[in-house]
file upload-v1.cif (mmCIF, C-alpha atoms)
data_data
#
loop_
_atom_site.label_atom_id
_atom_site.label_comp_id
_atom_site.auth_asym_id
_atom_site.auth_seq_id
_atom_site.Cartn_x
_atom_site.Cartn_y
_atom_site.Cartn_z
CA MET A 26 -13.57 -10.09 16.90
CA MET A 27 -16.44 -8.04 18.29
CA VAL A 28 -16.10 -4.73 20.01
CA ALA A 29 -15.61 -4.30 23.73
CA PHE A 30 -18.19 -2.42 25.86
CA GLU A 31 -16.42 0.96 25.52
CA HIS A 32 -17.14 0.96 21.79
CA LEU A 33 -20.86 0.30 22.20
CA SER A 34 -21.29 3.70 23.79
CA THR A 35 -19.58 5.44 20.86
CA PRO A 36 -22.25 6.72 18.45
CA THR A 37 -19.71 6.82 15.62
CA MET A 38 -19.65 3.01 15.58
CA THR A 39 -22.37 0.46 14.93
CA SER A 40 -23.38 -2.13 17.50
CA ALA A 41 -21.87 -4.76 15.17
CA PHE A 42 -18.50 -2.95 15.04
CA SER A 43 -15.50 -5.17 14.25
CA SER A 44 -11.78 -4.50 14.44
CA LEU A 45 -11.09 -7.05 11.72
CA PRO A 46 -10.54 -5.79 8.16
CA TYR A 47 -13.72 -5.44 6.13
CA TRP A 48 -11.95 -7.38 3.36
CA TRP A 49 -11.80 -10.50 5.54
CA VAL A 50 -15.59 -10.84 5.56
CA ALA A 51 -15.70 -11.94 1.91
CA SER A 52 -12.18 -13.40 1.81
CA PRO A 53 -11.05 -14.58 5.27
CA PRO A 54 -7.44 -15.44 6.08
CA ASP A 55 -6.17 -18.78 4.86
CA ALA A 56 -7.25 -21.55 7.20
CA ALA A 57 -5.39 -24.46 5.59
CA PRO A 58 -3.71 -26.89 8.00
CA LEU A 59 -0.15 -25.97 8.92
CA THR A 60 2.36 -27.26 6.40
CA ASP A 61 5.50 -28.92 7.74
CA VAL A 62 8.70 -27.02 7.06
CA PRO A 63 10.52 -28.93 4.30
CA ALA A 64 14.05 -30.15 4.87
CA GLU A 65 15.29 -28.21 1.86
CA ALA A 66 14.25 -25.99 -1.02
CA ASP A 67 15.94 -24.26 -3.91
CA VAL A 68 14.65 -20.94 -2.60
CA VAL A 69 13.26 -19.79 0.74
CA VAL A 70 11.09 -16.69 0.59
CA ILE A 71 10.39 -14.99 3.93
CA GLY A 72 7.02 -13.27 3.94
CA ALA A 73 3.77 -14.44 2.33
CA GLY A 74 2.39 -11.11 1.12
CA TYR A 75 2.18 -9.82 -2.43
CA THR A 76 5.97 -9.54 -2.76
CA GLY A 77 6.78 -13.04 -1.52
CA LEU A 78 3.95 -14.79 -3.35
CA SER A 79 4.68 -12.97 -6.61
CA ALA A 80 8.33 -13.96 -6.36
CA ALA A 81 7.38 -17.57 -5.54
CA LEU A 82 5.07 -17.68 -8.55
CA THR A 83 7.83 -16.61 -10.94
CA LEU A 84 10.41 -18.93 -9.36
CA ALA A 85 8.07 -21.93 -9.45
CA ARG A 86 7.19 -21.26 -13.08
CA HIS A 87 10.89 -21.63 -13.82
CA GLY A 88 11.10 -24.99 -12.12
CA LYS A 89 12.46 -23.96 -8.71
CA SER A 90 11.30 -25.63 -5.51
CA VAL A 91 10.14 -22.83 -3.21
CA ALA A 92 9.21 -22.61 0.46
CA VAL A 93 7.47 -19.45 1.64
CA LEU A 94 7.74 -18.85 5.38
CA GLU A 95 5.21 -16.60 7.13
CA SER A 96 5.28 -15.71 10.84
CA ARG A 97 1.47 -15.42 11.00
CA HIS A 98 -1.03 -16.31 8.26
CA PRO A 99 -0.46 -15.47 4.57
CA GLY A 100 -1.28 -11.83 3.92
CA TYR A 101 -1.31 -10.94 7.62
CA GLY A 102 0.45 -7.63 6.94
CA ALA A 103 -0.48 -4.88 4.51
CA SER A 104 -1.28 -7.23 1.63
CA ALA A 105 -4.73 -8.14 2.98
CA ARG A 106 -5.32 -4.86 4.85
CA ASN A 107 -4.69 -2.12 2.28
CA GLY A 108 -7.17 0.09 0.41
CA GLY A 109 -7.10 -1.97 -2.78
CA MET A 110 -6.06 0.85 -5.12
CA LEU A 111 -3.84 0.11 -8.10
CA GLY A 112 -1.98 2.84 -9.96
CA PRO A 113 1.48 3.63 -11.34
CA SER A 114 2.75 4.67 -7.88
CA PHE A 115 5.19 7.40 -8.80
CA GLN A 116 7.79 8.40 -6.29
CA LYS A 117 6.77 10.92 -3.66
CA MET A 118 8.51 13.78 -5.41
CA SER A 119 7.79 16.04 -8.37
CA ILE A 120 9.02 15.27 -11.85
CA GLY A 121 11.29 18.29 -11.64
CA ALA A 122 12.80 16.90 -8.45
CA LEU A 123 13.24 13.49 -10.08
CA VAL A 124 15.10 15.02 -13.01
CA ALA A 125 17.22 17.16 -10.70
CA LYS A 126 18.16 14.16 -8.57
CA TYR A 127 18.67 11.45 -11.20
CA GLY A 128 18.89 13.19 -14.57
CA GLU A 129 16.30 13.07 -17.34
CA ALA A 130 17.13 9.57 -18.63
CA GLN A 131 16.95 7.94 -15.21
CA ALA A 132 13.85 9.91 -14.24
CA MET A 133 12.21 8.52 -17.37
CA SER A 134 13.19 5.00 -16.23
CA VAL A 135 11.48 5.59 -12.88
CA LEU A 136 8.28 6.68 -14.59
CA GLN A 137 8.31 3.88 -17.13
CA GLU A 138 8.92 1.20 -14.51
CA SER A 139 6.10 2.64 -12.42
CA MET A 140 3.77 2.12 -15.36
CA GLU A 141 5.22 -1.35 -15.93
CA ALA A 142 4.45 -2.30 -12.32
CA MET A 143 0.78 -1.50 -12.79
CA ASP A 144 0.59 -3.16 -16.20
CA TYR A 145 2.36 -6.29 -14.94
CA THR A 146 -0.11 -6.59 -12.07
CA LEU A 147 -3.11 -6.20 -14.38
CA ASP A 148 -1.67 -8.79 -16.77
CA LEU A 149 -1.03 -11.20 -13.90
CA ILE A 150 -4.62 -10.90 -12.70
CA ASP A 151 -5.76 -11.72 -16.24
CA THR A 152 -3.36 -14.59 -16.99
CA GLU A 153 -3.86 -16.26 -13.60
CA GLY A 154 -7.61 -15.72 -13.72
CA LEU A 155 -7.61 -14.10 -10.28
CA SER A 156 -11.11 -13.24 -9.09
CA CYS A 157 -10.41 -10.09 -7.10
CA ASP A 158 -13.19 -7.64 -7.99
CA LEU A 159 -10.93 -5.73 -10.38
CA GLN A 160 -12.55 -2.45 -11.40
CA ARG A 161 -10.84 -0.28 -14.02
CA VAL A 162 -12.63 2.87 -12.92
CA GLY A 163 -9.80 5.41 -12.67
CA ARG A 164 -8.88 7.67 -9.76
CA PHE A 165 -9.82 11.26 -8.95
CA ARG A 166 -7.30 13.29 -6.98
CA GLY A 167 -8.83 16.38 -5.42
CA ALA A 168 -7.01 19.71 -5.06
CA VAL A 169 -7.45 20.95 -1.50
CA ILE A 170 -6.38 24.51 -2.38
CA PRO A 171 -6.51 26.25 -5.79
CA GLN A 172 -2.71 26.27 -6.09
CA ASN A 173 -2.73 22.47 -5.91
CA LEU A 174 -4.75 22.22 -9.11
CA GLU A 175 -2.35 24.51 -10.96
CA SER A 176 0.67 22.52 -9.77
CA MET A 177 -1.03 19.24 -10.79
CA LYS A 178 -1.64 20.69 -14.24
CA ARG A 179 2.04 21.57 -14.60
CA GLU A 180 3.11 18.19 -13.27
CA THR A 181 0.75 16.32 -15.57
CA ALA A 182 2.05 18.22 -18.59
CA LEU A 183 5.58 17.13 -17.69
CA LEU A 184 4.54 13.52 -17.07
CA GLU A 185 2.82 13.28 -20.42
CA ARG A 186 6.13 14.06 -22.12
CA TYR A 187 7.48 10.76 -20.86
CA ILE A 188 4.59 8.30 -20.42
CA ASP A 189 1.07 7.49 -21.55
CA LEU A 190 -0.56 8.89 -18.41
CA ARG A 191 -4.15 9.33 -19.70
CA ALA A 192 -5.02 12.13 -17.29
CA GLU A 193 -7.93 14.60 -17.46
CA PHE A 194 -8.24 17.91 -15.62
CA VAL A 195 -11.45 18.69 -13.77
CA GLU A 196 -12.23 22.28 -12.84
CA ARG A 197 -14.03 23.09 -9.60
CA ALA A 198 -17.22 24.01 -11.47
CA ASP A 199 -17.31 20.53 -12.99
CA GLN A 200 -16.12 18.37 -10.10
CA HIS A 201 -19.59 17.13 -9.13
CA ARG A 202 -19.34 14.95 -12.22
CA GLU A 203 -16.64 13.10 -10.26
CA ILE A 204 -17.45 13.55 -6.58
CA GLY A 205 -20.33 14.82 -4.47
CA SER A 206 -18.15 17.10 -2.38
CA ASP A 207 -17.40 20.83 -2.27
CA LEU A 208 -14.13 20.40 -0.38
CA TYR A 209 -11.88 20.45 -3.42
CA HIS A 210 -10.93 23.05 -5.99
CA GLY A 211 -11.09 20.69 -8.93
CA GLY A 212 -8.64 17.86 -9.51
CA VAL A 213 -7.23 15.35 -11.96
CA VAL A 214 -8.66 12.03 -13.13
CA TYR A 215 -6.13 9.29 -13.84
CA HIS A 216 -8.02 7.00 -16.16
CA ARG A 217 -5.59 4.06 -16.00
CA ASP A 218 -5.93 3.52 -12.23
CA ALA A 219 -8.03 0.68 -10.88
CA GLY A 220 -9.43 -0.83 -7.71
CA LEU A 221 -9.49 -4.40 -6.44
CA HIS A 222 -10.32 -6.49 -3.39
CA PRO A 223 -6.91 -6.88 -1.70
CA ALA A 224 -7.70 -10.02 0.31
CA LYS A 225 -9.23 -11.78 -2.70
CA TYR A 226 -6.14 -10.84 -4.70
CA LEU A 227 -3.87 -12.19 -1.95
CA ASN A 228 -5.79 -15.46 -1.68
CA GLY A 229 -5.80 -15.79 -5.46
CA LEU A 230 -2.00 -15.49 -5.56
CA LEU A 231 -1.80 -18.00 -2.72
CA ALA A 232 -3.90 -20.54 -4.63
CA SER A 233 -1.78 -20.01 -7.75
CA VAL A 234 1.53 -20.70 -6.04
CA ARG A 235 0.16 -23.76 -4.30
CA ARG A 236 -1.00 -25.19 -7.62
CA LEU A 237 2.62 -24.93 -8.76
CA GLY A 238 3.84 -26.90 -5.73
CA VAL A 239 5.09 -24.02 -3.59
CA GLN A 240 5.05 -24.89 0.11
CA VAL A 241 3.60 -22.02 2.14
CA CYS A 242 4.37 -22.48 5.83
CA ALA A 243 2.25 -20.34 8.13
CA GLU A 244 3.01 -19.64 11.81
CA THR A 245 6.70 -20.05 10.98
CA ARG A 246 8.91 -17.24 12.19
CA VAL A 247 12.48 -17.11 10.94
CA ALA A 248 14.92 -16.77 13.83
CA GLY A 249 18.09 -16.49 11.75
CA ILE A 250 20.05 -17.68 8.75
CA GLU A 251 23.61 -18.95 8.34
CA ARG A 252 25.83 -19.39 5.30
CA THR A 253 26.83 -22.92 4.38
CA GLU A 254 29.09 -24.33 1.68
CA THR A 255 26.09 -24.97 -0.56
CA GLY A 256 23.83 -22.07 0.35
CA TRP A 257 21.94 -21.26 3.55
CA ARG A 258 20.66 -22.87 6.72
CA VAL A 259 17.42 -21.20 7.80
CA ARG A 260 16.39 -21.53 11.44
CA THR A 261 12.68 -21.17 12.21
CA THR A 262 10.37 -21.66 15.15
CA ARG A 263 9.21 -24.89 13.49
CA GLY A 264 12.52 -26.41 12.48
CA GLU A 265 15.46 -25.85 10.14
CA LEU A 266 15.78 -26.12 6.39
CA ARG A 267 18.50 -25.81 3.79
CA ALA A 268 18.17 -23.48 0.83
CA GLY A 269 20.22 -22.44 -2.15
CA GLN A 270 18.90 -18.85 -2.05
CA VAL A 271 17.00 -16.66 0.40
CA MET A 272 14.69 -13.72 -0.26
CA LEU A 273 13.35 -11.30 2.37
CA ALA A 274 9.87 -9.90 1.67
CA THR A 275 8.65 -8.64 5.05
CA ASN A 276 8.36 -4.89 4.30
CA GLY A 277 6.58 -3.03 7.16
CA TYR A 278 6.69 -6.12 9.38
CA THR A 279 10.46 -6.65 9.29
CA ASP A 280 11.46 -7.71 12.80
CA ALA A 281 14.59 -7.63 14.92
CA ALA A 282 16.05 -10.70 13.21
CA TRP A 283 16.94 -8.38 10.31
CA PRO A 284 18.63 -5.30 11.88
CA TRP A 285 20.26 -4.02 8.65
CA PHE A 286 16.89 -3.83 6.94
CA ARG A 287 15.04 -2.44 9.98
CA ARG A 288 17.43 0.52 10.02
CA ARG A 289 16.32 1.37 6.48
CA LEU A 290 12.57 1.02 6.86
CA VAL A 291 10.20 3.39 8.65
CA PRO A 292 7.03 1.54 9.70
CA VAL A 293 4.19 4.06 9.68
CA HIS A 294 0.95 3.15 11.40
CA ALA A 295 -2.17 3.49 9.23
CA ALA A 296 -5.85 2.72 9.71
CA ILE A 297 -8.90 2.24 7.49
CA ILE A 298 -12.60 2.47 8.27
CA ALA A 299 -15.53 0.93 6.42
CA THR A 300 -18.98 2.40 6.96
CA GLU A 301 -22.24 0.60 7.43
CA PRO A 302 -24.24 0.21 4.18
CA VAL A 303 -25.09 3.53 2.54
CA PRO A 304 -28.26 4.01 0.44
CA ALA A 305 -27.69 3.60 -3.30
CA THR A 306 -29.03 7.08 -4.00
CA VAL A 307 -26.39 8.58 -1.70
CA MET A 308 -23.61 6.49 -3.27
CA ASP A 309 -24.72 7.63 -6.72
CA ARG A 310 -24.46 11.26 -5.61
CA LEU A 311 -21.13 10.99 -3.79
CA PHE A 312 -19.37 8.59 -6.17
CA PRO A 313 -21.12 9.04 -9.53
CA LYS A 314 -18.42 7.11 -11.41
CA ARG A 315 -17.41 4.76 -8.57
CA ARG A 316 -13.78 5.81 -8.91
CA MET A 317 -10.90 5.48 -6.47
CA HIS A 318 -10.14 8.79 -4.70
CA GLY A 319 -7.24 10.69 -3.19
CA GLU A 320 -6.27 14.28 -2.42
CA THR A 321 -3.38 16.69 -2.09
CA ARG A 322 -3.27 17.04 1.70
CA ARG A 323 0.04 16.07 3.30
CA MET A 324 -1.86 13.91 5.80
CA MET A 325 -3.92 12.72 2.88
CA ASN A 326 -6.87 10.39 2.97
CA PHE A 327 -7.61 7.81 0.32
CA TYR A 328 -11.16 6.61 -0.06
CA ARG A 329 -13.38 4.58 -2.34
CA PRO A 330 -16.64 2.70 -2.60
CA SER A 331 -16.49 -0.95 -1.58
CA PRO A 332 -16.43 -3.30 -4.59
CA ASP A 333 -20.16 -3.98 -4.20
CA GLY A 334 -20.85 -0.23 -4.08
CA GLN A 335 -22.64 -0.39 -0.73
CA ARG A 336 -20.08 1.08 1.70
CA ILE A 337 -17.39 3.73 1.82
CA LEU A 338 -13.84 2.92 2.86
CA LEU A 339 -11.45 5.66 3.99
CA GLY A 340 -7.87 5.28 5.10
CA GLY A 341 -5.30 7.57 6.70
CA ARG A 342 -3.23 8.18 9.78
CA PRO A 343 -4.68 7.61 13.27
CA PRO A 344 -4.63 10.54 15.71
CA VAL A 345 -1.08 11.68 16.36
CA TRP A 346 -1.69 12.53 20.02
CA GLY A 347 -4.19 11.51 22.68
CA GLY A 348 -4.20 7.74 22.25
CA ARG A 349 -5.18 5.39 19.46
CA SER A 350 -8.05 3.38 20.89
CA ASP A 351 -10.53 2.02 18.38
CA GLY A 352 -13.14 4.56 19.49
CA ARG A 353 -10.80 7.54 19.16
CA THR A 354 -9.38 6.40 15.82
CA ALA A 355 -12.85 5.70 14.42
CA ARG A 356 -14.03 9.16 15.44
CA HIS A 357 -10.92 10.74 13.94
CA LEU A 358 -11.27 9.03 10.55
CA HIS A 359 -15.04 9.45 10.54
CA GLY A 360 -14.45 13.17 11.07
CA ARG A 361 -12.13 13.21 8.06
CA LEU A 362 -14.81 11.45 6.01
CA CYS A 363 -17.44 14.00 7.06
CA ARG A 364 -15.09 16.85 6.17
CA ILE A 365 -15.25 15.54 2.60
CA PHE A 366 -18.92 14.49 2.70
CA PRO A 367 -20.83 16.42 5.44
CA GLU A 368 -24.04 14.49 4.75
CA LEU A 369 -22.41 11.32 6.12
CA ARG A 370 -22.31 12.60 9.72
CA ASN A 371 -25.03 10.10 10.74
CA VAL A 372 -23.51 7.16 8.84
CA ARG A 373 -21.61 5.01 11.30
CA VAL A 374 -18.41 2.98 11.16
CA GLN A 375 -18.74 -0.81 11.09
CA HIS A 376 -15.10 -1.82 10.58
CA LEU A 377 -11.82 -0.28 11.68
CA TRP A 378 -8.49 -1.96 11.17
CA ARG A 379 -4.83 -1.03 11.34
CA GLY A 380 -1.46 -1.99 9.92
CA ASN A 381 2.04 -0.85 9.04
CA VAL A 382 3.09 0.92 5.87
CA ALA A 383 6.84 0.83 5.17
CA PHE A 384 8.47 4.07 4.06
CA THR A 385 12.12 4.65 3.21
CA PHE A 386 14.31 7.67 3.82
CA ASP A 387 14.51 8.52 0.11
CA HIS A 388 10.78 7.80 -0.47
CA ALA A 389 11.65 5.17 -3.08
CA PRO A 390 11.10 1.40 -3.07
CA HIS A 391 14.18 -0.81 -3.04
CA MET A 392 15.27 -4.24 -4.22
CA GLY A 393 18.60 -5.95 -4.54
CA GLN A 394 20.96 -8.03 -2.41
CA HIS A 395 22.58 -7.49 0.96
CA GLY A 396 24.95 -10.08 2.39
CA GLY A 397 23.76 -12.54 -0.23
CA VAL A 398 20.09 -12.15 0.76
CA PHE A 399 17.78 -10.90 -1.97
CA TYR A 400 15.12 -8.38 -0.91
CA ALA A 401 12.29 -6.16 -2.13
CA MET A 402 10.55 -3.65 0.17
CA GLY A 403 9.79 -0.03 1.06
CA TYR A 404 6.76 0.71 -1.11
CA CYS A 405 5.90 4.00 0.62
CA GLY A 406 2.15 3.50 0.74
CA SER A 407 1.73 2.30 -2.87
CA GLY A 408 2.23 -1.42 -2.53
CA VAL A 409 -0.32 -3.32 -4.61
CA GLY A 410 1.42 -2.90 -7.95
CA ARG A 411 4.90 -2.25 -6.63
CA ALA A 412 5.01 -5.33 -4.40
CA THR A 413 3.72 -7.60 -7.16
CA TYR A 414 6.19 -6.23 -9.70
CA PHE A 415 9.18 -6.06 -7.35
CA GLY A 416 8.60 -9.65 -6.24
CA HIS A 417 8.58 -10.76 -9.87
CA LYS A 418 11.69 -8.73 -10.77
CA THR A 419 13.59 -10.01 -7.74
CA ALA A 420 12.74 -13.58 -8.70
CA LEU A 421 14.15 -12.92 -12.17
CA LYS A 422 17.37 -11.67 -10.57
CA MET A 423 17.59 -14.85 -8.50
CA LEU A 424 17.18 -16.86 -11.70
CA GLY A 425 19.98 -14.90 -13.34
CA LYS A 426 17.65 -13.51 -15.99
CA PRO A 427 18.64 -10.21 -17.65
CA GLU A 428 14.96 -9.18 -17.50
CA GLY A 429 15.43 -8.77 -13.75
CA LYS A 430 17.44 -5.58 -14.23
CA SER A 431 15.76 -2.46 -12.88
CA PHE A 432 16.52 1.20 -12.34
CA PHE A 433 15.87 0.60 -8.66
CA ASP A 434 18.87 -1.75 -8.45
CA GLU A 435 21.13 1.28 -8.55
CA LEU A 436 19.58 3.25 -5.72
CA PRO A 437 21.57 3.28 -2.46
CA PHE A 438 19.41 1.93 0.36
CA SER A 439 20.29 4.50 3.00
CA SER A 440 19.48 4.81 6.68
CA PHE A 441 19.64 7.69 9.17
CA PRO A 442 22.35 8.10 11.81
CA GLY A 443 21.29 6.49 15.06
CA TYR A 444 18.06 5.02 13.67
CA THR A 445 17.44 1.39 14.65
CA GLY A 446 13.91 0.79 13.38
CA THR A 447 11.77 2.60 15.96
CA PRO A 448 10.48 5.84 14.36
CA TRP A 449 10.58 8.06 17.45
CA PHE A 450 10.49 11.16 15.26
CA LEU A 451 7.15 10.45 13.57
CA PRO A 452 4.82 12.25 16.03
CA ALA A 453 6.68 15.52 15.48
CA VAL A 454 6.81 15.09 11.69
CA LEU A 455 3.14 14.13 11.41
CA SER A 456 2.09 16.99 13.69
CA TRP A 457 3.93 19.44 11.43
CA TYR A 458 2.18 18.01 8.35
CA ALA A 459 -1.20 18.17 10.12
CA TRP A 460 -0.65 21.81 11.08
CA GLN A 461 0.24 22.69 7.47
CA ASP A 462 -2.93 20.98 6.25
CA TRP A 463 -5.01 22.85 8.84
CA ARG A 464 -3.45 26.14 7.76
CA ASP A 465 -4.18 25.44 4.08
CA LEU A 466 -7.84 24.64 4.77
CA LYS A 467 -8.26 27.53 7.21
CA PHE A 468 -6.84 30.27 5.01
CA ARG A 469 -7.47 29.07 1.48
#
call {"tool": "encode", "arguments": {"input": "upload-v1.cif", "output": "structure tokens"}}
result
Amino acid sequence: MMVAFEHLSTPTMTSAFSSLPYWWVASPPDAAPLTDVPAEADVVVIGAGYTGLSAALTLARHGKSVAVLESRHPGYGASARNGGMLGPSFQKMSIGALVAKYGEAQAMSVLQESMEAMDYTLDLIDTEGLSCDLQRVGRFRGAVIPQNLESMKRETALLERYIDLRAEFVERADQHREIGSDLYHGGVVYHRDAGLHPAKYLNGLLASVRRLGVQVCAETRVAGIERTETGWRVRTTRGELRAGQVMLATNGYTDAAWPWFRRRLVPVHAAIIATEPVPATVMDRLFPKRRMHGETRRMMNFYRPSPDGQRILLGGRPPVWGGRSDGRTARHLHGRLCRIFPELRNVRVQHLWRGNVAFTFDHAPHMGQHGGVFYAMGYCGSGVGRATYFGHKTALKMLGKPEGKSFFDELPFSSFPGYTGTPWFLPAVLSWYAWQDWRDLKFR
């Protein structure tokens, strides 16, 4: 999809600008012929992203017949659009807050399962032989204000009491060893984190489940399900099928057919840019260790080199006000990139793409059953490892395996009074976060 005329006049963007994900250049969406919806299956999984495909893989390995139904093409949602960063994905709260809310034993379970999610994903990539440009390079998280570094030091000390975190502090005087930027006041390196190519990973999972006989039905939207004496009748836009069990794995793309789940998910719009090729000498200076990167801003940006080391990818929130055209969003994110790396002001954007990230009201992921339907969703912006692991764990629950038990089974999946799935409150919340970030940078 090439850019319309309005973009060609925008100096931020190249003449070859595309609004398709950069990842789809090397690993385009699945183009296999449409598969007929089977008459029946042991399990129907709704959603062909990381969660659904991981669940299908585990179920098929245990001898179940599985049909995966996808309203668009496999990986259409966040699974083939994300930043490709893999880490332990701790909850969006401090360790002290975790302990205060759940108690020390349960807080430890949260941390340990977060590590297990990352380790399971890495093991799966290895055992399945998935060619997804996996890079075990670690992640640097920059402290935007000096107080952030001190709080990260305290937090890291607490974390290391419970898990093998493998973190390293970096003072401001030494941060050019990690990043060619003066924006931060030091930071922390998390050595266990990794990067991958999200679309290659998605297509690798897709190939694996197909080898096991899983039927993946694209362009098949589920219109509703009904209980029967033997299980479920699933109605789709391409016919009906019978199933013994049903799993919902639609996350930030959960539609109106699932009102109970929509009331518990907050779809947050996100965007990522990929630059035109950057000279190797510049990449060496800005990303000397080719790590993944993040920061402590509330409206934080995540960024990284492309797997081939030739481009820079940066993701974050589009402009809160004033419209979200491609030109405006590209300028906004390019401005954020240049705030980190001022020397990139003349490097232009070649790709910009968008998608939904599913948050929950307690900032925790959830899995379990509702009305007999199994589900896993709500990864709060950290979905590569979580989705893979939660899909696997949910499949184990469906198989009746004790290994499917998780701390996250016990969390109440709460909503907000009057909320129906349209996050009308987000502009105000995001504006408040943006103002706090501006204040921190202005007066630090």
call {"tool": "resolve_selection", "arguments": {"input": "upload-v1.cif", "expression": "the PyMOL selection byres ((chain A and resi 359) around 8)", "output": "list in words"}}
result
Thr37, Ile298, Ala355, Arg356, His357, Leu358, Gly360, Arg361, Leu362, Cys363, Arg370, Arg373 and Val374 of chain A
call {"tool": "write_last_selection", "arguments": {"input": "upload-v1.cif", "atoms": "C-alpha atoms", "output": "PDB file, keeping the file's coordinate frame"}}
result
ATOM      1  CA  THR A  37     -19.710   6.820  15.620  1.00  0.00           C
ATOM      2  CA  ILE A 298     -12.600   2.470   8.270  1.00  0.00           C
ATOM      3  CA  ALA A 355     -12.850   5.700  14.420  1.00  0.00           C
ATOM      4  CA  ARG A 356     -14.030   9.160  15.440  1.00  0.00           C
ATOM      5  CA  HIS A 357     -10.920  10.740  13.940  1.00  0.00           C
ATOM      6  CA  LEU A 358     -11.270   9.030  10.550  1.00  0.00           C
ATOM      7  CA  GLY A 360     -14.450  13.170  11.070  1.00  0.00           C
ATOM      8  CA  ARG A 361     -12.130  13.210   8.060  1.00  0.00           C
ATOM      9  CA  LEU A 362     -14.810  11.450   6.010  1.00  0.00           C
ATOM     10  CA  CYS A 363     -17.440  14.000   7.060  1.00  0.00           C
ATOM     11  CA  ARG A 370     -22.310  12.600   9.720  1.00  0.00           C
ATOM     12  CA  ARG A 373     -21.610   5.010  11.300  1.00  0.00           C
ATOM     13  CA  VAL A 374     -18.410   2.980  11.160  1.00  0.00           C
TER      14      VAL A 374
END
call {"tool": "residues_around", "arguments": {"input": "upload-v1.cif", "residues": "range 455-467 of chain A", "least_positions_apart": "5", "cutoff": "10 Å", "atoms": "only C-alpha atoms", "output": "PyMOL selection string"}}
result
chain A and resi 169-170+208+321-325+342+344-346+450
call {"tool": "write_last_selection", "arguments": {"input": "upload-v1.cif", "atoms": "C-alpha atoms", "output": "compact mmCIF listing (two decimals), in the frame of the given file"}}
result
# COMPACT_ATOMS: atom_id res chain seq x y z
CA VAL A 169 -7.45 20.95 -1.50
CA ILE A 170 -6.38 24.51 -2.38
CA LEU A 208 -14.13 20.40 -0.38
CA THR A 321 -3.38 16.69 -2.09
CA ARG A 322 -3.27 17.04 1.70
CA ARG A 323 0.04 16.07 3.30
CA MET A 324 -1.86 13.91 5.80
CA MET A 325 -3.92 12.72 2.88
CA ARG A 342 -3.23 8.18 9.78
CA PRO A 344 -4.63 10.54 15.71
CA VAL A 345 -1.08 11.68 16.36
CA TRP A 346 -1.69 12.53 20.02
CA PHE A 450 10.49 11.16 15.26
call {"tool": "resolve_selection", "arguments": {"input": "upload-v1.cif", "expression": "the PyMOL selection byres ((chain A and resi 100) around 10)", "output": "number ranges by chain"}}
result
A: 54-55, 72-75, 77-78, 95, 97-99, 101-106, 223-224, 226-228, 231
call {"tool": "closest_residue", "arguments": {"input": "upload-v1.cif", "among": "A:Thr447, A:Ser407, A:Asn371, A:Thr261", "to": "Pro36 in chain A", "atoms": "all atoms listed in the file"}}
result
A:Asn371
call {"tool": "closest_residue", "arguments": {"input": "upload-v1.cif", "among": "A:Ala81, A:Ala66, A:Ala299, A:Met392", "to": "Trp257 in chain A", "atoms": "all atoms listed in the file"}}
result
A:Ala66
call {"tool": "resolve_selection", "arguments": {"input": "upload-v1.cif", "expression": "the PyMOL selection byres ((chain A and resi 410) around 9)", "output": "ChimeraX atom specification"}}
result
/A:75,110-114,139,141-147,407-409,411-415
call {"tool": "write_last_selection", "arguments": {"input": "upload-v1.cif", "atoms": "C-alpha atoms", "output": "PDB file, in the frame of the given file"}}
result
ATOM      1  CA  TYR A  75       2.180  -9.820  -2.430  1.00  0.00           C
ATOM      2  CA  MET A 110      -6.060   0.850  -5.120  1.00  0.00           C
ATOM      3  CA  LEU A 111      -3.840   0.110  -8.100  1.00  0.00           C
ATOM      4  CA  GLY A 112      -1.980   2.840  -9.960  1.00  0.00           C
ATOM      5  CA  PRO A 113       1.480   3.630 -11.340  1.00  0.00           C
ATOM      6  CA  SER A 114       2.750   4.670  -7.880  1.00  0.00           C
ATOM      7  CA  SER A 139       6.100   2.640 -12.420  1.00  0.00           C
ATOM      8  CA  GLU A 141       5.220  -1.350 -15.930  1.00  0.00           C
ATOM      9  CA  ALA A 142       4.450  -2.300 -12.320  1.00  0.00           C
ATOM     10  CA  MET A 143       0.780  -1.500 -12.790  1.00  0.00           C
ATOM     11  CA  ASP A 144       0.590  -3.160 -16.200  1.00  0.00           C
ATOM     12  CA  TYR A 145       2.360  -6.290 -14.940  1.00  0.00           C
ATOM     13  CA  THR A 146      -0.110  -6.590 -12.070  1.00  0.00           C
ATOM     14  CA  LEU A 147      -3.110  -6.200 -14.380  1.00  0.00           C
ATOM     15  CA  SER A 407       1.730   2.300  -2.870  1.00  0.00           C
ATOM     16  CA  GLY A 408       2.230  -1.420  -2.530  1.00  0.00           C
ATOM     17  CA  VAL A 409      -0.320  -3.320  -4.610  1.00  0.00           C
ATOM     18  CA  ARG A 411       4.900  -2.250  -6.630  1.00  0.00           C
ATOM     19  CA  ALA A 412       5.010  -5.330  -4.400  1.00  0.00           C
ATOM     20  CA  THR A 413       3.720  -7.600  -7.160  1.00  0.00           C
ATOM     21  CA  TYR A 414       6.190  -6.230  -9.700  1.00  0.00           C
ATOM     22  CA  PHE A 415       9.180  -6.060  -7.350  1.00  0.00           C
TER      23      PHE A 415
END
call {"tool": "closest_residue", "arguments": {"input": "upload-v1.cif", "among": "A:Leu59, A:Trp285, A:Glu65, A:Thr83", "to": "Lys418 in chain A", "atoms": "only C-alpha atoms"}}
result
A:Thr83
call {"tool": "closest_residue", "arguments": {"input": "upload-v1.cif", "among": "A:Leu311, A:Ile71, A:Leu221, A:Cys405", "to": "Ile150 in chain A", "atoms": "all atoms listed in the file"}}
result
A:Leu221
